[in-house]
>>> print(open('run26.cif').read())   # mmCIF, C-alpha atoms and all ligand atoms
data_my_file
#
loop_
_atom_site.label_atom_id
_atom_site.label_comp_id
_atom_site.auth_asym_id
_atom_site.auth_seq_id
_atom_site.Cartn_x
_atom_site.Cartn_y
_atom_site.Cartn_z
CA MET O 1 -7.91 -4.14 -18.93
CA SER O 2 -6.53 -7.61 -18.46
CA HIS O 3 -3.62 -8.13 -16.15
CA ARG O 4 -1.59 -11.17 -15.25
CA ARG O 5 -1.99 -10.26 -11.59
CA LYS O 6 -5.22 -9.43 -9.75
CA SER O 7 -5.12 -5.71 -8.98
CA ILE O 8 -5.23 -4.43 -5.43
CA VAL O 9 -6.54 -0.97 -4.58
CA ALA O 10 -6.08 0.22 -1.00
CA GLY O 11 -7.31 3.36 0.71
CA ASN O 12 -4.84 4.92 3.12
CA TRP O 13 -7.04 7.20 5.20
CA LYS O 14 -3.99 8.52 7.11
CA MET O 15 -5.02 10.58 10.19
CA ASN O 16 -8.43 11.63 8.85
CA LEU O 17 -12.17 11.16 9.54
CA ASP O 18 -13.98 10.47 12.82
CA ALA O 19 -15.75 7.31 13.97
CA ALA O 20 -19.09 8.18 12.37
CA LYS O 21 -17.47 9.10 9.04
CA ALA O 22 -15.24 6.01 9.15
CA ARG O 23 -18.37 3.89 9.56
CA SER O 24 -20.37 5.56 6.80
CA LEU O 25 -17.47 5.52 4.32
CA THR O 26 -16.89 1.82 5.05
CA GLU O 27 -20.58 1.04 4.57
CA ALA O 28 -20.67 2.93 1.27
CA VAL O 29 -17.57 1.14 -0.07
CA ALA O 30 -18.77 -2.28 1.13
CA ALA O 31 -22.24 -1.82 -0.36
CA ARG O 32 -20.84 -0.87 -3.77
CA ALA O 33 -17.68 -3.03 -3.85
CA GLY O 34 -19.17 -5.08 -6.69
CA GLU O 35 -18.89 -2.02 -8.98
CA ALA O 36 -15.11 -2.40 -8.87
CA GLY O 37 -15.13 -5.77 -10.61
CA SER O 38 -12.28 -8.19 -10.06
CA VAL O 39 -9.99 -6.22 -7.77
CA ASP O 40 -8.93 -6.68 -4.16
CA LEU O 41 -10.14 -3.73 -2.08
CA VAL O 42 -8.51 -2.75 1.22
CA LEU O 43 -9.38 -0.01 3.72
CA CYS O 44 -6.60 1.24 6.01
CA PRO O 45 -8.19 3.42 8.71
CA PRO O 46 -6.48 5.07 11.68
CA ALA O 47 -5.75 2.33 14.25
CA LEU O 48 -8.32 3.68 16.68
CA TYR O 49 -11.13 3.18 14.14
CA ALA O 50 -10.00 -0.23 12.92
CA THR O 51 -12.60 -2.04 15.05
CA THR O 52 -15.32 0.32 13.80
CA VAL O 53 -14.36 -0.47 10.20
CA ALA O 54 -14.05 -4.20 11.00
CA ALA O 55 -17.58 -4.21 12.42
CA ALA O 56 -18.97 -2.27 9.45
CA LEU O 57 -17.34 -4.84 7.13
CA GLY O 58 -18.77 -7.69 9.18
CA LEU O 59 -15.23 -8.88 9.92
CA ALA O 60 -16.01 -9.31 13.60
CA ALA O 61 -18.12 -12.29 12.57
CA GLY O 62 -15.16 -13.87 10.79
CA ASN O 63 -15.64 -13.13 7.12
CA SER O 64 -16.47 -10.12 5.03
CA ALA O 65 -19.48 -10.64 2.81
CA SER O 66 -18.48 -7.57 0.79
CA GLY O 67 -14.99 -8.94 0.13
CA VAL O 68 -13.46 -5.65 1.30
CA ALA O 69 -10.41 -6.25 3.50
CA LEU O 70 -9.02 -4.27 6.42
CA GLY O 71 -5.43 -3.08 6.77
CA GLY O 72 -3.28 -1.19 9.26
CA GLN O 73 -1.25 1.92 8.42
CA ASN O 74 1.73 0.90 10.54
CA ALA O 75 2.70 -1.66 13.17
CA HIS O 76 5.43 -2.16 15.72
CA GLU O 77 8.09 -4.80 15.08
CA LYS O 78 7.64 -6.53 18.45
CA GLU O 79 4.81 -8.91 19.40
CA SER O 80 4.01 -7.18 22.70
CA GLY O 81 5.65 -5.32 25.56
CA ALA O 82 6.52 -1.92 26.94
CA PHE O 83 6.06 0.19 23.79
CA THR O 84 3.69 2.95 24.84
CA GLY O 85 1.42 4.15 22.08
CA GLU O 86 2.29 1.37 19.63
CA VAL O 87 0.18 -1.32 17.95
CA ALA O 88 1.44 -4.90 17.51
CA PRO O 89 0.92 -6.78 14.23
CA GLY O 90 -0.94 -9.54 16.12
CA MET O 91 -3.43 -6.96 17.40
CA LEU O 92 -4.22 -5.88 13.86
CA ARG O 93 -4.66 -9.51 12.91
CA ASP O 94 -6.79 -10.15 16.00
CA ILE O 95 -9.43 -7.62 14.94
CA GLY O 96 -9.63 -8.98 11.40
CA SER O 97 -6.96 -7.11 9.42
CA ARG O 98 -5.32 -8.87 6.50
CA TYR O 99 -2.87 -6.18 5.40
CA CYS O 100 -0.55 -3.59 6.90
CA ILE O 101 1.08 -0.62 5.17
CA LEU O 102 4.75 -0.36 6.19
CA GLY O 103 7.44 2.22 5.51
CA HIS O 104 5.11 4.86 4.12
CA SER O 105 7.14 7.96 3.22
CA GLU O 106 5.41 9.85 6.05
CA ARG O 107 6.69 7.19 8.48
CA ARG O 108 10.15 7.42 6.94
CA THR O 109 10.43 11.22 6.85
CA LEU O 110 8.34 12.33 9.86
CA PHE O 111 8.92 9.40 12.22
CA GLY O 112 12.49 8.43 11.38
CA GLU O 113 11.87 4.97 9.96
CA THR O 114 14.86 3.52 8.12
CA ASP O 115 15.07 0.55 5.76
CA ALA O 116 16.25 -1.47 8.77
CA THR O 117 13.16 -0.48 10.77
CA VAL O 118 10.90 -1.30 7.84
CA ASN O 119 12.68 -4.64 7.34
CA ALA O 120 12.06 -5.61 10.99
CA LYS O 121 8.41 -4.62 10.64
CA VAL O 122 7.97 -6.59 7.41
CA LYS O 123 9.25 -9.71 9.18
CA ALA O 124 6.98 -9.13 12.20
CA VAL O 125 3.91 -8.47 10.07
CA LEU O 126 4.54 -11.62 7.99
CA ALA O 127 5.02 -13.62 11.20
CA ALA O 128 1.62 -12.40 12.39
CA GLY O 129 0.03 -13.71 9.20
CA LEU O 130 -0.61 -10.33 7.60
CA THR O 131 0.32 -9.13 4.13
CA PRO O 132 2.71 -6.17 4.25
CA ILE O 133 2.23 -3.33 1.77
CA VAL O 134 5.81 -2.06 1.63
CA CYS O 135 6.20 1.54 0.45
CA VAL O 136 9.18 2.96 -1.42
CA GLY O 137 9.73 6.16 -3.38
CA GLU O 138 12.12 9.00 -4.09
CA SER O 139 11.85 12.66 -3.12
CA LEU O 140 11.72 15.47 -5.68
CA GLU O 141 15.32 16.39 -4.98
CA GLU O 142 16.39 12.77 -5.46
CA ARG O 143 14.52 12.54 -8.78
CA GLU O 144 15.87 15.84 -10.05
CA SER O 145 19.42 14.84 -9.23
CA GLY O 146 19.03 11.57 -11.15
CA ARG O 147 19.06 9.35 -8.09
CA THR O 148 15.60 7.73 -8.40
CA GLU O 149 16.96 4.33 -9.39
CA ALA O 150 19.61 4.28 -6.65
CA VAL O 151 17.20 5.44 -3.93
CA VAL O 152 14.39 3.06 -4.84
CA SER O 153 16.83 0.16 -5.25
CA ALA O 154 18.32 0.75 -1.80
CA GLN O 155 14.83 0.96 -0.26
CA VAL O 156 13.59 -2.24 -1.91
CA LEU O 157 16.74 -4.25 -1.19
CA GLY O 158 17.03 -2.88 2.37
CA SER O 159 13.37 -3.15 3.34
CA LEU O 160 13.07 -6.69 1.98
CA ALA O 161 16.48 -8.10 2.94
CA GLY O 162 16.44 -11.65 4.26
CA ILE O 163 12.80 -12.36 3.39
CA PRO O 164 12.47 -15.91 2.01
CA ALA O 165 11.06 -16.23 -1.51
CA ASP O 166 7.83 -17.88 -0.37
CA ASP O 167 7.16 -14.93 1.96
CA LEU O 168 8.17 -12.42 -0.71
CA ALA O 169 5.58 -13.98 -2.99
CA LYS O 170 2.88 -12.82 -0.55
CA ILE O 171 3.84 -9.19 -0.15
CA VAL O 172 2.63 -6.08 -1.95
CA VAL O 173 5.01 -3.25 -2.86
CA ALA O 174 3.77 0.31 -3.26
CA TYR O 175 5.81 2.75 -5.33
CA GLU O 176 4.94 6.21 -4.08
CA PRO O 177 7.12 9.04 -5.37
CA VAL O 178 7.19 11.48 -2.45
CA TRP O 179 6.73 14.46 -4.78
CA ALA O 180 3.42 13.02 -5.97
CA ILE O 181 1.90 12.44 -2.53
CA GLY O 182 -0.85 14.91 -1.67
CA THR O 183 0.42 17.35 -4.31
CA GLY O 184 -1.93 16.67 -7.21
CA LYS O 185 1.20 15.98 -9.29
CA VAL O 186 0.78 12.39 -10.41
CA ALA O 187 3.72 10.59 -12.01
CA THR O 188 3.25 10.10 -15.73
CA PRO O 189 2.36 6.50 -16.64
CA GLN O 190 5.84 6.16 -18.20
CA GLN O 191 7.62 7.47 -15.09
CA ALA O 192 5.61 5.09 -12.92
CA GLN O 193 5.99 2.10 -15.26
CA ASP O 194 9.78 2.60 -15.43
CA VAL O 195 10.13 2.43 -11.64
CA HIS O 196 7.66 -0.46 -11.36
CA ALA O 197 9.74 -2.44 -13.87
CA LEU O 198 12.85 -1.62 -11.85
CA VAL O 199 11.14 -2.77 -8.63
CA ARG O 200 10.09 -6.02 -10.29
CA SER O 201 13.66 -6.67 -11.47
CA LEU O 202 14.90 -6.10 -7.91
CA LEU O 203 12.25 -8.49 -6.57
CA ALA O 204 13.48 -11.05 -9.10
CA ARG O 205 17.01 -10.55 -7.80
CA LEU O 206 15.75 -11.15 -4.23
CA SER O 207 13.80 -14.27 -5.22
CA SER O 208 13.34 -15.41 -8.83
CA PRO O 209 11.67 -14.06 -11.96
CA THR O 210 8.77 -16.47 -11.37
CA VAL O 211 8.14 -15.15 -7.86
CA ALA O 212 8.64 -11.51 -8.90
CA ASP O 213 6.11 -12.02 -11.66
CA LYS O 214 3.45 -12.80 -9.06
CA ILE O 215 4.11 -9.85 -6.72
CA ARG O 216 1.69 -6.97 -6.96
CA ILE O 217 3.17 -3.48 -7.20
CA GLN O 218 0.84 -0.57 -6.50
CA TYR O 219 1.36 3.00 -7.56
CA GLY O 220 0.56 5.78 -5.06
CA GLY O 221 0.65 9.56 -5.25
CA SER O 222 -2.30 11.73 -6.33
CA VAL O 223 -4.23 8.84 -7.87
CA LYS O 224 -7.68 10.17 -8.85
CA PRO O 225 -10.59 8.86 -10.92
CA ASP O 226 -9.35 10.82 -13.94
CA ASN O 227 -5.79 9.44 -13.99
CA ALA O 228 -6.39 5.88 -12.75
CA ALA O 229 -7.11 4.29 -16.13
CA GLU O 230 -3.84 5.36 -17.76
CA LEU O 231 -1.90 4.03 -14.75
CA ALA O 232 -3.90 0.78 -14.78
CA ALA O 233 -2.97 0.30 -18.44
CA CYS O 234 0.74 -0.04 -17.58
CA PRO O 235 1.96 -3.66 -17.54
CA ASP O 236 3.70 -3.51 -14.15
CA ILE O 237 1.15 -1.37 -12.27
CA ASP O 238 -1.07 -3.77 -10.35
CA GLY O 239 -3.19 -1.40 -8.32
CA ALA O 240 -3.12 1.82 -6.35
CA LEU O 241 -2.47 3.04 -2.85
CA VAL O 242 -4.84 5.96 -2.58
CA GLY O 243 -4.70 8.77 -0.02
CA GLY O 244 -6.99 11.80 -0.45
CA ALA O 245 -9.31 10.23 -3.01
CA SER O 246 -9.94 7.23 -0.73
CA LEU O 247 -11.88 9.48 1.66
CA LYS O 248 -14.76 9.69 -0.82
CA ALA O 249 -16.58 6.46 -1.70
CA ASP O 250 -17.37 7.65 -5.24
CA ASP O 251 -13.74 8.51 -6.02
CA PHE O 252 -12.29 5.41 -4.37
CA LEU O 253 -14.69 3.11 -6.21
CA ALA O 254 -14.10 4.88 -9.53
CA ILE O 255 -10.35 4.32 -9.09
CA ALA O 256 -10.94 0.68 -8.16
CA LYS O 257 -13.12 0.24 -11.23
CA ALA O 258 -10.31 1.49 -13.46
CA PHE O 259 -8.17 -1.37 -12.12
CA GLY O 260 -10.96 -3.95 -12.02
P1 LIG Y 301 -2.52 10.98 -2.06
O1 LIG Y 301 -3.37 10.03 -2.86
O2 LIG Y 301 -3.34 11.89 -1.18
O3 LIG Y 301 -1.53 11.71 -2.91
O4 LIG Y 301 -1.67 10.08 -1.03
C1 LIG Y 301 -0.96 9.01 -1.51
C2 LIG Y 301 -0.48 8.21 -0.35
O5 LIG Y 301 0.40 8.63 0.38
C3 LIG Y 301 -1.11 6.90 -0.12
O6 LIG Y 301 -0.39 6.15 0.81
#
>>> encode(input="run26.cif", output="structure tokens")
Amino acid sequence: MSHRRKSIVAGNWKMNLDAAKARSLTEAVAARAGEAGSVDLVLCPPALYATTVAAALGLAAGNSASGVALGGQNAHEKESGAFTGEVAPGMLRDIGSRYCILGHSERRTLFGETDATVNAKVKAVLAAGLTPIVCVGESLEERESGRTEAVVSAQVLGSLAGIPADDLAKIVVAYEPVWAIGTGKVATPQQAQDVHALVRSLLARLSSPTVADKIRIQYGGSVKPDNAAELAACPDIDGALVGGASLKADDFLAIAKAFG
């Protein structure tokens, strides 16, 4: 599978595992990262275990010999201050993170994040020197009522408003149809490719076709070893944001290999 863009496969562990399991999963992925071939690998653990994962990746020493990167699952939009329970982008950066997931549908639906919130977070995460992984996606009801294009367009344009083209060039977008998350119902390659092409055209509108051509767009939602290859074969699918299957080293690496 040859792609114009280097694929990026990230594991979103959500609120799962404990410290010992976080460490052993990280060690297993790091030890076997080479199996994935030419693909950027990212682990996004719960914030509390980020230092555990950083240490297991050898990030505390500066660089990761395995090439596996660390990412946050969320960050606050302010640099510091009286925000009890929150994590600042600079803190994620400080412990060796390179990425941060923003605007995941669980943040949007369960924690009230709007496109404006996500936009503020994207700016803060970029300012801290991290790469945002910006999530968008329609609900089942929105898809069934023919509003996928309108919903995803509003999310992309709202979440990325006012971001200069040279910053846009650095971001990653994740298309995650809400109805496919944790349900075992993966989007068909055609459904995913159609929305990815739409997202890329919106990115071109926000910057230029040249910049949009460089931006990596991941698919997320029930990605498994047995459906990864057909998704990876789509021209605008540049990787995966993996939930459940990222909790098992074998499954995560098999998915990565399909994109490598
Ligand atoms: P699942 O892979 O468990 O469907 O989760 C997808 C997801 O939400 C990744 O961010």
>>> closest_residue(input="run26.cif", among="O:Ser201, O:Gln218, O:Ser207, O:Thr188", to="ligand LIG 301 (chain Y)", atoms="all atoms listed in the file")
O:Gln218
>>> atom_distance(input="run26.cif", atom1="atom CA of Ile217 of chain O", atom2="atom CA of Ser66 of chain O")
23.4 Å
>>> residues_around(input="run26.cif", residues="Glu149 of chain O", least_positions_apart="5", cutoff="10 Å", atoms="all atoms listed in the file", output="PyMOL selection string")
chain O and resi 137-138+142-143+154-155+194-195+198-199
>>> closest_atom_pairs(input="run26.cif", of="chain O", to="ligand LIG 301 (chain Y)", cutoff="9 Å", atoms="all atoms listed in the file", output="JSON lines")
{"residue": "O:Ala10", "atom": "CA", "partner": "Y:LIG301", "partner_atom": "C3", "distance": 8.4}
{"residue": "O:Gly11", "atom": "CA", "partner": "Y:LIG301", "partner_atom": "C3", "distance": 7.2}
{"residue": "O:Asn12", "atom": "CA", "partner": "Y:LIG301", "partner_atom": "O6", "distance": 5.2}
{"residue": "O:Trp13", "atom": "CA", "partner": "Y:LIG301", "partner_atom": "C3", "distance": 8.0}
{"residue": "O:Lys14", "atom": "CA", "partner": "Y:LIG301", "partner_atom": "O6", "distance": 7.6}
{"residue": "O:Gln73", "atom": "CA", "partner": "Y:LIG301", "partner_atom": "O6", "distance": 8.7}
{"residue": "O:Ile101", "atom": "CA", "partner": "Y:LIG301", "partner_atom": "O6", "distance": 8.2}
{"residue": "O:His104", "atom": "CA", "partner": "Y:LIG301", "partner_atom": "O6", "distance": 6.5}
{"residue": "O:Ser105", "atom": "CA", "partner": "Y:LIG301", "partner_atom": "O5", "distance": 7.3}
{"residue": "O:Glu106", "atom": "CA", "partner": "Y:LIG301", "partner_atom": "O5", "distance": 7.7}
{"residue": "O:Cys135", "atom": "CA", "partner": "Y:LIG301", "partner_atom": "O6", "distance": 8.1}
{"residue": "O:Ala174", "atom": "CA", "partner": "Y:LIG301", "partner_atom": "O6", "distance": 8.2}
{"residue": "O:Glu176", "atom": "CA", "partner": "Y:LIG301", "partner_atom": "O5", "distance": 6.8}
{"residue": "O:Pro177", "atom": "CA", "partner": "Y:LIG301", "partner_atom": "O5", "distance": 8.9}
{"residue": "O:Val178", "atom": "CA", "partner": "Y:LIG301", "partner_atom": "O5", "distance": 7.9}
{"residue": "O:Trp179", "atom": "CA", "partner": "Y:LIG301", "partner_atom": "O3", "distance": 8.9}
{"residue": "O:Ala180", "atom": "CA", "partner": "Y:LIG301", "partner_atom": "O3", "distance": 6.0}
{"residue": "O:Ile181", "atom": "CA", "partner": "Y:LIG301", "partner_atom": "O3", "distance": 3.5}
{"residue": "O:Gly182", "atom": "CA", "partner": "Y:LIG301", "partner_atom": "O3", "distance": 3.5}
{"residue": "O:Thr183", "atom": "CA", "partner": "Y:LIG301", "partner_atom": "O3", "distance": 6.1}
{"residue": "O:Gly184", "atom": "CA", "partner": "Y:LIG301", "partner_atom": "O3", "distance": 6.6}
{"residue": "O:Lys185", "atom": "CA", "partner": "Y:LIG301", "partner_atom": "O3", "distance": 8.1}
{"residue": "O:Val186", "atom": "CA", "partner": "Y:LIG301", "partner_atom": "O3", "distance": 7.9}
{"residue": "O:Tyr219", "atom": "CA", "partner": "Y:LIG301", "partner_atom": "C3", "distance": 8.8}
{"residue": "O:Gly220", "atom": "CA", "partner": "Y:LIG301", "partner_atom": "C1", "distance": 5.0}
{"residue": "O:Gly221", "atom": "CA", "partner": "Y:LIG301", "partner_atom": "O3", "distance": 3.9}
{"residue": "O:Ser222", "atom": "CA", "partner": "Y:LIG301", "partner_atom": "O3", "distance": 3.5}
{"residue": "O:Val223", "atom": "CA", "partner": "Y:LIG301", "partner_atom": "O1", "distance": 5.2}
{"residue": "O:Lys224", "atom": "CA", "partner": "Y:LIG301", "partner_atom": "O1", "distance": 7.4}
{"residue": "O:Ala240", "atom": "CA", "partner": "Y:LIG301", "partner_atom": "C3", "distance": 8.3}
{"residue": "O:Leu241", "atom": "CA", "partner": "Y:LIG301", "partner_atom": "C3", "distance": 4.9}
{"residue": "O:Val242", "atom": "CA", "partner": "Y:LIG301", "partner_atom": "O1", "distance": 4.3}
{"residue": "O:Gly243", "atom": "CA", "partner": "Y:LIG301", "partner_atom": "O1", "distance": 3.4}
{"residue": "O:Gly244", "atom": "CA", "partner": "Y:LIG301", "partner_atom": "O2", "distance": 3.7}
{"residue": "O:Ala245", "atom": "CA", "partner": "Y:LIG301", "partner_atom": "O1", "distance": 5.9}
{"residue": "O:Ser246", "atom": "CA", "partner": "Y:LIG301", "partner_atom": "O1", "distance": 7.5}
>>> atom_distance(input="run26.cif", atom1="atom CA of Ile237 of chain O", atom2="atom CA of Ser7 of chain O")
8.3 Å
>>> residues_around(input="run26.cif", residues="Leu126 of chain O", least_positions_apart="3", cutoff="9 Å", atoms="only C-alpha atoms", output="PyMOL selection string")
chain O and resi 89+121-123+129-132+167+170-171
>>> residues_around(input="run26.cif", residues="Ala254 of chain O", least_positions_apart="6", cutoff="12 Å", atoms="all atoms listed in the file", output="PyMOL selection string")
chain O and resi 9+29+32-37+39+223-229+240+242+245-246+248+260
>>> closest_residue(input="run26.cif", among="O:Asn16, O:Gln193, O:Thr26, O:Ser159", to="Pro46 of chain O", atoms="all atoms listed in the file")
O:Asn16
>>> atom_distance(input="run26.cif", atom1="atom CA of Asp236 of chain O", atom2="atom CA of Tyr99 of chain O")
20.8 Å
>>> closest_residue(input="run26.cif", among="O:Val173, O:Ala249, O:His76, O:Ala88", to="Arg107 of chain O", atoms="all atoms listed in the file")
O:His76
>>> residues_near_point(input="run26.cif", point="(11.9, -7.2, 0.3)", cutoff="9 Å", atoms="all atoms listed in the file", output="short mmCIF file (atom, residue, chain, number, x, y, z; two decimals) with C-alpha atoms, keeping the file's coordinate frame")
data_model
loop_
_atom_site.label_atom_id
_atom_site.label_comp_id
_atom_site.auth_asym_id
_atom_site.auth_seq_id
_atom_site.Cartn_x
_atom_site.Cartn_y
_atom_site.Cartn_z
CA ASN O 119 12.68 -4.64 7.34
CA VAL O 122 7.97 -6.59 7.41
CA VAL O 134 5.81 -2.06 1.63
CA GLN O 155 14.83 0.96 -0.26
CA VAL O 156 13.59 -2.24 -1.91
CA LEU O 157 16.74 -4.25 -1.19
CA GLY O 158 17.03 -2.88 2.37
CA SER O 159 13.37 -3.15 3.34
CA LEU O 160 13.07 -6.69 1.98
CA ALA O 161 16.48 -8.10 2.94
CA GLY O 162 16.44 -11.65 4.26
CA ILE O 163 12.80 -12.36 3.39
CA PRO O 164 12.47 -15.91 2.01
CA LEU O 168 8.17 -12.42 -0.71
CA ILE O 171 3.84 -9.19 -0.15
CA VAL O 173 5.01 -3.25 -2.86
CA LEU O 202 14.90 -6.10 -7.91
CA LEU O 203 12.25 -8.49 -6.57
CA LEU O 206 15.75 -11.15 -4.23
#
>>> decode(input="run26.cif", residues="segment 23-37 of chain O", atoms="N, CA and C atoms", output="PDB file, in the first residue's frame")
ATOM      1  N   ARG O  23       1.975  -0.069  31.424  1.00  0.00           N
ATOM      2  CA  ARG O  23       3.410  -0.285  31.208  1.00  0.00           C
ATOM      3  C   ARG O  23       3.641  -1.488  30.294  1.00  0.00           C
ATOM      4  N   SER O  24       2.973  -2.598  30.573  1.00  0.00           N
ATOM      5  CA  SER O  24       3.255  -3.799  29.773  1.00  0.00           C
ATOM      6  C   SER O  24       2.756  -3.647  28.335  1.00  0.00           C
ATOM      7  N   LEU O  25       1.636  -2.980  28.137  1.00  0.00           N
ATOM      8  CA  LEU O  25       1.151  -2.750  26.768  1.00  0.00           C
ATOM      9  C   LEU O  25       2.138  -1.850  26.008  1.00  0.00           C
ATOM     10  N   THR O  26       2.615  -0.804  26.680  1.00  0.00           N
ATOM     11  CA  THR O  26       3.586   0.095  26.046  1.00  0.00           C
ATOM     12  C   THR O  26       4.852  -0.661  25.659  1.00  0.00           C
ATOM     13  N   GLU O  27       5.336  -1.495  26.582  1.00  0.00           N
ATOM     14  CA  GLU O  27       6.565  -2.248  26.299  1.00  0.00           C
ATOM     15  C   GLU O  27       6.378  -3.191  25.118  1.00  0.00           C
ATOM     16  N   ALA O  28       5.197  -3.819  25.064  1.00  0.00           N
ATOM     17  CA  ALA O  28       4.937  -4.755  23.958  1.00  0.00           C
ATOM     18  C   ALA O  28       4.878  -4.016  22.626  1.00  0.00           C
ATOM     19  N   VAL O  29       4.203  -2.862  22.603  1.00  0.00           N
ATOM     20  CA  VAL O  29       4.097  -2.096  21.355  1.00  0.00           C
ATOM     21  C   VAL O  29       5.476  -1.569  20.940  1.00  0.00           C
ATOM     22  N   ALA O  30       6.227  -1.043  21.916  1.00  0.00           N
ATOM     23  CA  ALA O  30       7.542  -0.466  21.607  1.00  0.00           C
ATOM     24  C   ALA O  30       8.489  -1.543  21.073  1.00  0.00           C
ATOM     25  N   ALA O  31       8.446  -2.713  21.690  1.00  0.00           N
ATOM     26  CA  ALA O  31       9.370  -3.785  21.297  1.00  0.00           C
ATOM     27  C   ALA O  31       9.099  -4.266  19.877  1.00  0.00           C
ATOM     28  N   ARG O  32       7.825  -4.186  19.467  1.00  0.00           N
ATOM     29  CA  ARG O  32       7.442  -4.750  18.162  1.00  0.00           C
ATOM     30  C   ARG O  32       7.053  -3.670  17.149  1.00  0.00           C
ATOM     31  N   ALA O  33       7.372  -2.418  17.437  1.00  0.00           N
ATOM     32  CA  ALA O  33       6.947  -1.315  16.555  1.00  0.00           C
ATOM     33  C   ALA O  33       7.457  -1.508  15.125  1.00  0.00           C
ATOM     34  N   GLY O  34       8.617  -2.121  14.999  1.00  0.00           N
ATOM     35  CA  GLY O  34       9.215  -2.348  13.683  1.00  0.00           C
ATOM     36  C   GLY O  34       8.319  -3.164  12.758  1.00  0.00           C
ATOM     37  N   GLU O  35       7.471  -4.024  13.353  1.00  0.00           N
ATOM     38  CA  GLU O  35       6.553  -4.864  12.552  1.00  0.00           C
ATOM     39  C   GLU O  35       5.599  -4.006  11.725  1.00  0.00           C
ATOM     40  N   ALA O  36       5.337  -2.785  12.207  1.00  0.00           N
ATOM     41  CA  ALA O  36       4.339  -1.931  11.557  1.00  0.00           C
ATOM     42  C   ALA O  36       4.855  -1.314  10.261  1.00  0.00           C
ATOM     43  N   GLY O  37       6.162  -1.322  10.069  1.00  0.00           N
ATOM     44  CA  GLY O  37       6.712  -0.716   8.857  1.00  0.00           C
ATOM     45  C   GLY O  37       6.736   0.797   8.970  1.00  0.00           C
TER      46      GLY O  37
END
